[in-house]
Each structure stands twice: as C-alpha cells, then as structure tokens.
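What follows is the content of target-v9.cif (mmCIF, C-alpha atoms).
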data_model
#
loop_
_atom_site.group_PDB
_atom_site.id
_atom_site.type_symbol
_atom_site.label_atom_id
_atom_site.label_comp_id
_atom_site.auth_asym_id
_atom_site.auth_seq_id
_atom_site.Cartn_x
_atom_site.Cartn_y
_atom_site.Cartn_z
ATOM 1 C CA MET A 1181 -88.043 1.215 27.477
ATOM 2 C CA GLU A 1182 -89.642 4.088 29.351
ATOM 3 C CA ALA A 1183 -86.196 4.976 30.697
ATOM 4 C CA LEU A 1184 -84.909 5.333 27.129
ATOM 5 C CA ARG A 1185 -87.844 7.498 26.057
ATOM 6 C CA SER A 1186 -87.932 9.770 29.110
ATOM 7 C CA ALA A 1187 -84.831 11.444 30.517
ATOM 8 C CA PRO A 1188 -86.440 12.183 33.938
ATOM 9 C CA PHE A 1189 -87.519 8.565 34.261
ATOM 10 C CA GLY A 1190 -84.103 7.337 33.151
ATOM 11 C CA GLN A 1191 -82.596 9.469 35.903
ATOM 12 C CA CYS A 1192 -84.837 7.688 38.425
ATOM 13 C CA TYR A 1193 -83.269 4.394 37.417
ATOM 14 C CA SER A 1194 -79.718 5.715 37.381
ATOM 15 C CA GLU A 1195 -80.108 7.090 40.915
ATOM 16 C CA ALA A 1196 -81.831 4.035 42.396
ATOM 17 C CA SER A 1197 -79.897 1.908 44.875
ATOM 18 C CA LEU A 1198 -81.384 -1.336 43.502
ATOM 19 C CA LEU A 1199 -82.789 -2.332 40.112
ATOM 20 C CA PHE A 1200 -84.629 -5.634 39.725
ATOM 21 C CA PRO A 1201 -85.270 -7.399 36.385
ATOM 22 C CA ASP A 1202 -88.878 -8.324 37.137
ATOM 23 C CA GLY A 1203 -89.505 -10.190 33.897
ATOM 24 C CA ALA A 1204 -87.895 -13.416 32.688
ATOM 25 C CA PRO A 1205 -87.092 -12.015 29.199
ATOM 26 C CA VAL A 1206 -85.241 -9.096 30.793
ATOM 27 C CA ALA A 1207 -83.150 -11.534 32.820
ATOM 28 C CA TRP A 1208 -82.479 -13.627 29.705
ATOM 29 C CA VAL A 1209 -81.159 -10.591 27.855
ATOM 30 C CA GLY A 1210 -79.047 -9.611 30.843
ATOM 31 C CA ARG A 1211 -77.415 -13.034 30.950
ATOM 32 C CA GLY A 1212 -76.853 -12.842 27.214
ATOM 33 C CA GLN A 1213 -74.982 -9.578 27.745
ATOM 34 C CA GLY A 1214 -72.606 -11.035 30.304
ATOM 35 C CA GLU A 1215 -74.554 -10.806 33.574
ATOM 36 C CA LYS A 1216 -74.302 -14.557 34.084
ATOM 37 C CA HIS A 1217 -76.004 -14.607 37.488
ATOM 38 C CA MET A 1218 -78.959 -12.360 36.620
ATOM 39 C CA GLU A 1219 -82.275 -13.903 37.614
ATOM 40 C CA ARG A 1220 -85.847 -12.689 37.514
ATOM 41 C CA VAL A 1221 -86.805 -10.792 40.679
ATOM 42 C CA ALA A 1222 -90.477 -9.785 40.630
ATOM 43 C CA GLY A 1223 -91.713 -7.084 42.994
ATOM 44 C CA PRO A 1224 -94.615 -9.083 44.502
ATOM 45 C CA GLU A 1225 -92.392 -12.098 45.198
ATOM 46 C CA PHE A 1226 -89.566 -9.951 46.556
ATOM 47 C CA MET A 1227 -92.031 -8.295 48.939
ATOM 48 C CA LEU A 1228 -93.036 -11.618 50.475
ATOM 49 C CA LYS A 1229 -89.428 -12.788 50.746
ATOM 50 C CA LEU A 1230 -88.427 -9.644 52.616
ATOM 51 C CA PHE A 1231 -91.346 -9.956 55.045
ATOM 52 C CA GLY A 1232 -90.334 -13.557 55.696
ATOM 53 C CA ASP A 1233 -86.628 -12.804 56.146
ATOM 54 C CA PRO A 1234 -85.689 -12.914 59.873
ATOM 55 C CA ARG A 1235 -83.234 -10.061 59.328
ATOM 56 C CA PHE A 1236 -86.177 -7.718 58.702
ATOM 57 C CA HIS A 1237 -88.504 -8.908 61.463
ATOM 58 C CA GLY A 1238 -87.829 -5.765 63.467
ATOM 59 C CA ALA A 1239 -88.567 -3.376 60.595
ATOM 60 C CA THR A 1240 -91.694 -1.229 60.469
ATOM 61 C CA HIS A 1241 -93.599 -0.937 57.198
ATOM 62 C CA PHE A 1242 -95.810 1.633 55.500
ATOM 63 C CA LEU A 1243 -98.053 0.788 52.521
ATOM 64 C CA TYR A 1244 -98.658 3.494 49.917
ATOM 65 C CA GLY A 1245 -100.874 2.794 46.914
ATOM 66 C CA GLY A 1246 -103.771 0.818 45.536
ATOM 67 C CA ASP A 1247 -107.429 1.641 45.141
ATOM 68 C CA GLU A 1248 -109.512 2.753 48.098
ATOM 69 C CA GLY A 1249 -109.181 0.219 50.914
ATOM 70 C CA VAL A 1250 -106.592 -1.965 49.152
ATOM 71 C CA ALA A 1251 -103.599 -0.851 51.248
ATOM 72 C CA GLU A 1252 -105.478 -1.587 54.464
ATOM 73 C CA LEU A 1253 -106.602 -4.970 53.124
ATOM 74 C CA LEU A 1254 -103.001 -5.734 52.181
ATOM 75 C CA ARG A 1255 -101.903 -4.878 55.710
ATOM 76 C CA GLN A 1256 -104.444 -7.375 57.058
ATOM 77 C CA ARG A 1257 -103.372 -10.125 54.648
ATOM 78 C CA LEU A 1258 -99.667 -9.634 55.373
ATOM 79 C CA SER A 1259 -100.325 -9.574 59.124
ATOM 80 C CA GLU A 1260 -102.075 -12.938 58.822
ATOM 81 C CA GLN A 1261 -99.231 -14.430 56.803
ATOM 82 C CA PHE A 1262 -96.450 -12.799 58.836
ATOM 83 C CA PRO A 1263 -97.653 -12.300 62.455
ATOM 84 C CA HIS A 1264 -94.352 -10.650 63.395
ATOM 85 C CA ALA A 1265 -94.815 -7.871 60.816
ATOM 86 C CA LYS A 1266 -95.095 -4.341 62.183
ATOM 87 C CA PHE A 1267 -97.020 -1.697 60.257
ATOM 88 C CA ALA A 1268 -96.720 2.020 60.878
ATOM 89 C CA GLY A 1269 -99.645 2.861 58.614
ATOM 90 C CA THR A 1270 -101.223 2.851 55.158
ATOM 91 C CA PHE A 1271 -102.231 5.512 52.649
ATOM 92 C CA THR A 1272 -104.319 5.455 49.475
ATOM 93 C CA PRO A 1273 -103.276 8.314 47.166
ATOM 94 C CA PRO A 1274 -105.568 9.927 44.578
ATOM 95 C CA PHE A 1275 -105.210 8.988 40.889
ATOM 96 C CA ARG A 1276 -103.277 12.174 40.135
ATOM 97 C CA ASN A 1277 -100.220 13.983 41.380
ATOM 98 C CA LEU A 1278 -100.438 15.155 44.972
ATOM 99 C CA THR A 1279 -101.056 18.827 45.551
ATOM 100 C CA THR A 1280 -98.547 20.859 47.553
ATOM 101 C CA ASP A 1281 -100.726 20.641 50.661
ATOM 102 C CA GLU A 1282 -101.227 16.878 50.223
ATOM 103 C CA SER A 1283 -97.490 16.364 49.728
ATOM 104 C CA ASP A 1284 -96.651 18.332 52.859
ATOM 105 C CA ALA A 1285 -99.254 16.407 54.855
ATOM 106 C CA LEU A 1286 -97.813 13.084 53.673
ATOM 107 C CA VAL A 1287 -94.280 14.141 54.594
ATOM 108 C CA GLU A 1288 -95.513 15.202 58.041
ATOM 109 C CA MET A 1289 -97.285 11.859 58.502
ATOM 110 C CA ILE A 1290 -94.136 9.900 57.649
ATOM 111 C CA ALA A 1291 -92.091 12.140 59.961
ATOM 112 C CA ARG A 1292 -94.486 11.250 62.764
ATOM 113 C CA LEU A 1293 -94.652 7.497 62.039
ATOM 114 C CA LYS A 1294 -91.003 6.985 60.964
ATOM 115 C CA PRO A 1295 -91.420 3.671 59.101
ATOM 116 C CA ASP A 1296 -88.266 1.807 58.123
ATOM 117 C CA ILE A 1297 -89.642 0.704 54.751
ATOM 118 C CA ILE A 1298 -92.259 2.296 52.498
ATOM 119 C CA TRP A 1299 -93.827 0.024 49.884
ATOM 120 C CA VAL A 1300 -95.113 1.954 46.863
ATOM 121 C CA GLY A 1301 -97.691 0.356 44.582
ATOM 122 C CA ILE A 1302 -98.947 2.987 42.135
ATOM 123 C CA GLY A 1303 -97.583 1.530 38.901
ATOM 124 C CA CYS A 1304 -94.752 2.399 36.554
ATOM 125 C CA PRO A 1305 -93.579 5.100 35.911
ATOM 126 C CA LYS A 1306 -95.536 6.965 38.604
ATOM 127 C CA GLN A 1307 -94.018 5.057 41.518
ATOM 128 C CA GLU A 1308 -90.417 5.608 40.403
ATOM 129 C CA LEU A 1309 -90.989 9.338 39.980
ATOM 130 C CA PHE A 1310 -92.761 9.458 43.337
ATOM 131 C CA MET A 1311 -89.873 7.749 45.135
ATOM 132 C CA GLN A 1312 -87.294 10.006 43.556
ATOM 133 C CA GLN A 1313 -89.260 13.086 44.592
ATOM 134 C CA PHE A 1314 -90.184 12.086 48.139
ATOM 135 C CA LEU A 1315 -87.349 9.942 49.473
ATOM 136 C CA PRO A 1316 -85.135 12.978 50.235
ATOM 137 C CA ARG A 1317 -88.030 14.553 52.152
ATOM 138 C CA MET A 1318 -89.147 11.556 54.190
ATOM 139 C CA GLU A 1319 -87.857 10.102 57.440
ATOM 140 C CA THR A 1320 -87.508 6.529 56.255
ATOM 141 C CA VAL A 1321 -84.720 4.134 55.304
ATOM 142 C CA LEU A 1322 -85.964 2.346 52.168
ATOM 143 C CA MET A 1323 -88.647 2.756 49.532
ATOM 144 C CA PHE A 1324 -89.545 -0.100 47.195
ATOM 145 C CA GLY A 1325 -91.700 0.215 44.084
ATOM 146 C CA VAL A 1326 -93.569 -3.081 43.736
ATOM 147 C CA GLY A 1327 -96.220 -2.260 41.135
ATOM 148 C CA ALA A 1328 -99.061 -4.773 41.128
ATOM 149 C CA ALA A 1329 -98.041 -6.433 44.417
ATOM 150 C CA PHE A 1330 -100.913 -4.692 46.201
ATOM 151 C CA ASP A 1331 -103.440 -6.278 43.827
ATOM 152 C CA PHE A 1332 -101.765 -9.695 43.715
ATOM 153 C CA HIS A 1333 -101.509 -10.104 47.478
ATOM 154 C CA THR A 1334 -105.106 -8.995 48.088
ATOM 155 C CA GLY A 1335 -106.545 -11.290 45.430
ATOM 156 C CA ARG A 1336 -107.684 -8.509 43.100
ATOM 157 C CA LEU A 1337 -105.406 -9.927 40.398
ATOM 158 C CA LYS A 1338 -104.729 -13.605 39.854
ATOM 159 C CA ASP A 1339 -101.058 -14.518 39.759
ATOM 160 C CA SER A 1340 -99.824 -16.745 36.951
ATOM 161 C CA PRO A 1341 -98.490 -20.287 37.477
ATOM 162 C CA GLN A 1342 -94.750 -20.636 37.917
ATOM 163 C CA TRP A 1343 -94.300 -22.361 34.550
ATOM 164 C CA ILE A 1344 -95.768 -19.320 32.797
ATOM 165 C CA LYS A 1345 -93.335 -17.054 34.637
ATOM 166 C CA ASP A 1346 -90.402 -19.330 33.790
ATOM 167 C CA ALA A 1347 -91.445 -19.306 30.129
ATOM 168 C CA GLY A 1348 -91.391 -15.507 30.073
ATOM 169 C CA LEU A 1349 -95.145 -15.300 29.400
ATOM 170 C CA GLN A 1350 -96.421 -13.619 32.561
ATOM 171 C CA TRP A 1351 -97.048 -10.456 30.544
ATOM 172 C CA VAL A 1352 -99.603 -12.388 28.442
ATOM 173 C CA HIS A 1353 -101.357 -13.606 31.604
ATOM 174 C CA ARG A 1354 -101.596 -10.043 32.917
ATOM 175 C CA LEU A 1355 -102.648 -8.630 29.546
ATOM 176 C CA VAL A 1356 -105.595 -11.034 29.394
ATOM 177 C CA GLN A 1357 -106.750 -9.895 32.843
ATOM 178 C CA ASP A 1358 -106.452 -6.148 32.179
ATOM 179 C CA PRO A 1359 -106.184 -5.519 28.404
ATOM 180 C CA ARG A 1360 -107.534 -1.965 28.381
ATOM 181 C CA ARG A 1361 -104.858 -0.669 30.740
ATOM 182 C CA LEU A 1362 -101.903 -2.847 29.722
ATOM 183 C CA TRP A 1363 -102.134 -3.323 25.949
ATOM 184 C CA ARG A 1364 -100.017 -0.276 25.185
ATOM 185 C CA ARG A 1365 -97.323 -1.194 27.726
ATOM 186 C CA TYR A 1366 -96.914 -4.762 26.550
ATOM 187 C CA ILE A 1367 -97.661 -4.677 22.830
ATOM 188 C CA ILE A 1368 -95.945 -1.407 21.925
ATOM 189 C CA SER A 1369 -93.178 -1.379 24.545
ATOM 190 C CA ASN A 1370 -92.276 -5.027 23.967
ATOM 191 C CA THR A 1371 -91.970 -4.355 20.243
ATOM 192 C CA HIS A 1372 -89.711 -1.363 20.899
ATOM 193 C CA PHE A 1373 -87.681 -3.504 23.291
ATOM 194 C CA LEU A 1374 -87.046 -6.127 20.608
ATOM 195 C CA LEU A 1375 -86.157 -3.447 18.057
ATOM 196 C CA ALA A 1376 -83.713 -1.871 20.512
ATOM 197 C CA LEU A 1377 -82.031 -5.232 21.051
ATOM 198 C CA LEU A 1378 -81.772 -5.749 17.296
ATOM 199 C CA ARG A 1379 -80.258 -2.296 16.815
ATOM 200 C CA GLN A 1380 -77.793 -2.965 19.617
ATOM 201 C CA LYS A 1381 -76.758 -6.275 18.057
ATOM 202 C CA LEU A 1382 -76.237 -4.632 14.657
ATOM 203 C CA PHE A 1383 -74.270 -1.817 16.285
ATOM 204 C CA LYS A 1384 -71.959 -4.302 18.017
ATOM 205 C CA GLN A 1385 -71.319 -6.068 14.716
ATOM 206 C CA THR A 1386 -70.506 -2.733 13.094
ATOM 207 C CA VAL A 1387 -68.041 -1.906 15.853
ATOM 208 C CA LYS A 1388 -66.274 -5.228 15.368
ATOM 209 C CA GLU A 1389 -66.016 -4.729 11.615
ATOM 210 C CA ARG A 1390 -64.792 -1.130 11.797
ATOM 211 C CA LYS A 1391 -61.632 -1.240 13.837
ATOM 212 C CA PRO A 1392 -60.061 2.094 14.860
ATOM 213 C CA ARG A 1393 -57.339 3.341 12.579
ATOM 214 C CA PRO A 1394 -54.026 4.426 14.068
ATOM 215 C CA ALA A 1395 -53.412 8.127 13.429
ATOM 216 C CA GLN A 1396 -50.058 9.844 13.476
ATOM 217 C CA ASN A 1397 -49.724 12.810 15.784
ATOM 218 C CA GLU A 1398 -47.317 15.015 13.819
ATOM 219 C CA LYS A 1399 -46.599 17.340 16.701
ATOM 220 C CA TYR A 1400 -45.359 14.667 19.109
ATOM 221 C CA GLY A 1401 -44.460 11.904 16.670
ATOM 222 C CA VAL A 1402 -46.626 9.309 18.439
ATOM 223 C CA THR A 1403 -49.464 7.082 17.252
ATOM 224 C CA GLU A 1404 -52.981 7.725 18.601
ATOM 225 C CA GLU A 1405 -56.055 5.503 18.448
ATOM 226 C CA ARG A 1406 -59.087 7.357 17.142
ATOM 227 C CA HIS A 1407 -62.540 5.785 17.072
ATOM 228 C CA PRO A 1408 -64.823 6.580 14.150
ATOM 229 C CA SER A 1409 -68.301 7.996 14.589
ATOM 230 C CA TYR A 1410 -71.183 5.549 14.347
ATOM 231 C CA GLY A 1411 -74.081 7.824 13.437
ATOM 232 C CA ASP A 1412 -76.595 8.955 16.021
ATOM 233 C CA VAL A 1413 -76.022 6.134 18.528
ATOM 234 C CA THR A 1414 -76.040 7.615 22.025
ATOM 235 C CA ALA A 1415 -73.620 6.913 24.823
ATOM 236 C CA THR A 1416 -76.229 4.962 26.739
ATOM 237 C CA SER A 1417 -74.764 1.761 28.136
ATOM 238 C CA PRO A 1418 -76.122 -1.339 26.359
ATOM 239 C CA LYS A 1419 -76.945 -2.844 29.721
ATOM 240 C CA ARG A 1420 -79.378 0.014 30.304
ATOM 241 C CA ILE A 1421 -81.702 -1.668 27.841
ATOM 242 C CA THR A 1422 -81.992 -4.671 30.119
ATOM 243 C CA VAL A 1423 -83.713 -2.679 32.859
ATOM 244 C CA GLY A 1424 -86.575 -1.421 30.727
ATOM 245 C CA ASP A 1425 -89.080 -3.476 32.721
ATOM 246 C CA ALA A 1426 -87.325 -3.511 36.056
ATOM 247 C CA GLY A 1427 -88.616 -2.927 39.522
ATOM 248 C CA SER A 1428 -86.721 -0.509 41.663
ATOM 249 C CA GLY A 1429 -85.744 0.274 45.198
ATOM 250 C CA ARG A 1430 -84.306 3.469 46.517
#

Let me see the file written as structure tokens.
Amino acid sequence: MEALRSAPFGQCYSEASLLFPDGAPVAWVGRGQGEKHMERVAGPEFMLKLFGDPRFHGATHFLYGGDEGVAELLRQRLSEQFPHAKFAGTFTPPFRNLTTDESDALVEMIARLKPDIIWVGIGCPKQELFMQQFLPRMETVLMFGVGAAFDFHTGRLKDSPQWIKDAGLQWVHRLVQDPRRLWRRYIISNTHFLLALLRQKLFKQTVKERKPRPAQNEKYGVTEERHPSYGDVTATSPKRITVGDAGSGR
C-alpha cells in the first residue's frame, strides 16, 4: 500500500529486480488474480535458504542494519549455522538518514570490501529507498531488503509457528510483540489494502458491464473501438496491489 501512496517508493518497487510476496494474504490475492504459482516468500526465511544453497557458498556477505550490535550478533549466529559463510563486514546505521560524509564513507567501505551480497534490515520503506539510492554507487552484485530478519535470527523477536504463517496471521503475532511500532502499519494499511481490493473488484465488474462502443471514423470509413472513461481510476496495474507488503531485492 505504501507503493500506491508514495510515488518515490512505488518507483523503488518498479525498478527492483525481484519482488517477494512476504505475507500469505498477499500470495492469496496474487493467485486469485491469475498468478497461479505465487507462494509466500518471507525475507527471513529466504535469507536462510540462500545461505544454505550450495550455489551461493562462495559468495561474500555484508550485513547492514539493526540496533547497535545486532548485525555483528547476526554474523555470529549465521556463521554457527552455516560454517561455510563468508562475511566481508557489518554496519549499524543511525536511526536517521545518513549525512553526505557518512554516505561517502559507507560507499568507500563497500568499495574496499567488495561484498557480493548486502543484506539490508532497516525496515520498510527505509530499506527500499536506501537500496535504490546506494546500489548504483556500491561495488556489489545484489542487495536484499529483509526487514525483521536481523531481529528474528538473533532471537530479539520470536518467530510465529508455521500454522500461523499458513493461516495468514503472522501480522497478528508480530503486532502483539511490538504494538507501538506496528499498529499503524497493520491496522490502517491492512484496511486500505482490503478497500483497494474491493475497489478493484468493483472496477472490473464495471468494465465487463460497459463494453466499448464501435465508433465510425467518417474520414476513413472504418470502425474504431473506443473505450469509455471510468472516472479517476489510474493506469496502475491491478497486480501492483499484490505487492503492497512485499520484500524486495535489487
């Protein structure tokens, strides 16, 4: 939903190489719109799968995000779970935008370390905007925004059981753990998401009922198909709605 509200953030999604539906309801809607093979792909779980994939055993990793000390703790935990993993470094950013000097220093650090993959865990929408801004400046191959993965994999947040994830209720589990920070995202954004789906469904029904009328082109004597206007509906693809809660990779 943030991508619909914010044009800069929507551009982040449109330019990303990969978009993951990291919630079960998002995947359900995607399948209902014709993406029959869409499945939930959560950032924290994807992170572990990539570390365990033999095809990436030679890759070097850089961890960017978390509270003070969390990125380093995550490096230790992942090294224990995946002894083959190679880490180029970690960095804990401040809870604000980087200054020009801090940005330049970070770019210089990455140029020196040259990690293959940078994992970004500073939350949505900050991490998507960060990746869009810095990927062109950094000597790296991939950047993945994985949100709360840093806290899940260090034990700072408790992950929900699989049956809760399958039921599409992981957002409730997270809301209970951190209501002050997440209530607006889940209560308000989820409501807007449902309203957007309802509006889309009504719009589709209207399109079906109002078929284009053939119009006669007097100059050339041929029939043209002209589509009527449907109010203030934008040209945004309906499928765009299904990535309102998606993780991203660039």

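When all atoms listed in the file are used to compute distances to Val1300 (chain A), the closest of the residues A:Thr1272, A:Gln1261, A:Asn1277, A:Ser1283 turns out to be A:Thr1272.
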
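Proximity of A:Lys1306, A:His1237, A:Arg1211, A:Arg1257 to Pro1188 (chain A), computed with all atoms listed in the file, is greatest for A:Lys1306.
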
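Contact shell of Gly1232 (chain A) at 12 Å (all atoms listed in the file; same-chain neighbours under 2 positions omitted): Glu1225, Phe1226, Met1227, Leu1228, Lys1229, Leu1230, Pro1234, Arg1235, Phe1236, His1237, Gly1238, Ala1239, Leu1258, Ser1259, Gln1261, Phe1262, Pro1263, His1264 and Ala1265 of chain A.
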
On this file, the PyMOL selection byres ((chain A and resi 1224) around 10) gives some set of residues; write that set as a PyMOL selection string. chain A and resi 1202+1221-1223+1225-1229+1301+1325-1333+1339+1427

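Separating CA of Phe1231 (chain A) from CA of Ile1297 (chain A) is a distance of 10.8 Å.
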
Applied to the shown file, which residues does the PyMOL selection byres ((chain A and resi 1201) around 6) return, written as JSON, numbers by chain? {"A": [1200, 1202, 1203, 1206, 1207, 1220, 1221, 1426]}

Resulting file, chosen residues, C-alpha atoms, as a compact mmCIF listing (two decimals), keeping the file's coordinate frame:
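See again29.txt below for the written result:
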# COMPACT_ATOMS: atom_id res chain seq x y z
CA PHE A 1200 -84.63 -5.63 39.72
CA ASP A 1202 -88.88 -8.32 37.14
CA GLY A 1203 -89.50 -10.19 33.90
CA VAL A 1206 -85.24 -9.10 30.79
CA ALA A 1207 -83.15 -11.53 32.82
CA ARG A 1220 -85.85 -12.69 37.51
CA VAL A 1221 -86.80 -10.79 40.68
CA ALA A 1426 -87.32 -3.51 36.06

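CA of Pro1295 (chain A) is found 5.1 Å from CA of Thr1240 (chain A).
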
What is the distance, in Å and to one decimal place, between CA of Ile1367 (chain A) and CA of Leu1355 (chain A)? 9.3 Å

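Remark: for Asp1247 (chain A), the closest of the candidate residues A:Ser1197, A:Ile1302, A:Lys1266, A:Glu1319 is A:Ile1302 (distances computed over only C-alpha atoms).
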
Residues in the PyMOL selection byres ((chain A and resi 1243) around 9), expressed as an mmCIF file with C-alpha atoms, keeping the file's coordinate frame:
data_model
loop_
_atom_site.group_PDB
_atom_site.id
_atom_site.type_symbol
_atom_site.label_atom_id
_atom_site.label_comp_id
_atom_site.auth_asym_id
_atom_site.auth_seq_id
_atom_site.Cartn_x
_atom_site.Cartn_y
_atom_site.Cartn_z
ATOM 1 C CA HIS A 1241 -93.599 -0.937 57.198
ATOM 2 C CA PHE A 1242 -95.810 1.633 55.500
ATOM 3 C CA TYR A 1244 -98.658 3.494 49.917
ATOM 4 C CA GLY A 1245 -100.874 2.794 46.914
ATOM 5 C CA ALA A 1251 -103.599 -0.851 51.248
ATOM 6 C CA GLU A 1252 -105.478 -1.587 54.464
ATOM 7 C CA LEU A 1254 -103.001 -5.734 52.181
ATOM 8 C CA ARG A 1255 -101.903 -4.878 55.710
ATOM 9 C CA PHE A 1267 -97.020 -1.697 60.257
ATOM 10 C CA ALA A 1268 -96.720 2.020 60.878
ATOM 11 C CA GLY A 1269 -99.645 2.861 58.614
ATOM 12 C CA THR A 1270 -101.223 2.851 55.158
ATOM 13 C CA PHE A 1271 -102.231 5.512 52.649
ATOM 14 C CA THR A 1272 -104.319 5.455 49.475
ATOM 15 C CA ILE A 1297 -89.642 0.704 54.751
ATOM 16 C CA ILE A 1298 -92.259 2.296 52.498
ATOM 17 C CA TRP A 1299 -93.827 0.024 49.884
ATOM 18 C CA VAL A 1300 -95.113 1.954 46.863
ATOM 19 C CA GLY A 1301 -97.691 0.356 44.582
ATOM 20 C CA PHE A 1330 -100.913 -4.692 46.201
#

Using only C-alpha atoms, which of the listed residues (A:Val1209, A:Thr1334, A:Leu1278, A:Gly1214) sits closest to Gln1256 (chain A)? A:Thr1334

Return the padded bounding box of region 1207-1226 of chain A as AutoDock Vina command-line options: axis-aligned, built from all atoms listed in the file, 3 Å added on each side, with centre and edge lengths in Å to one decimal.
--center_x -83.6 --center_y -10.8 --center_z 36.9 --size_x 28.0 --size_y 13.5 --size_z 25.3

Point out the residue among A:Arg1365, A:Lys1216, A:Asp1346, A:Leu1375 with the least atom-to-atom distance to Cys1304 (chain A), counting only C-alpha atoms. A:Arg1365

Arg1336 (chain A) proximity check over A:Glu1308, A:Asp1296, A:Glu1260, A:Asp1358, using all atoms listed in the file: winner is A:Asp1358
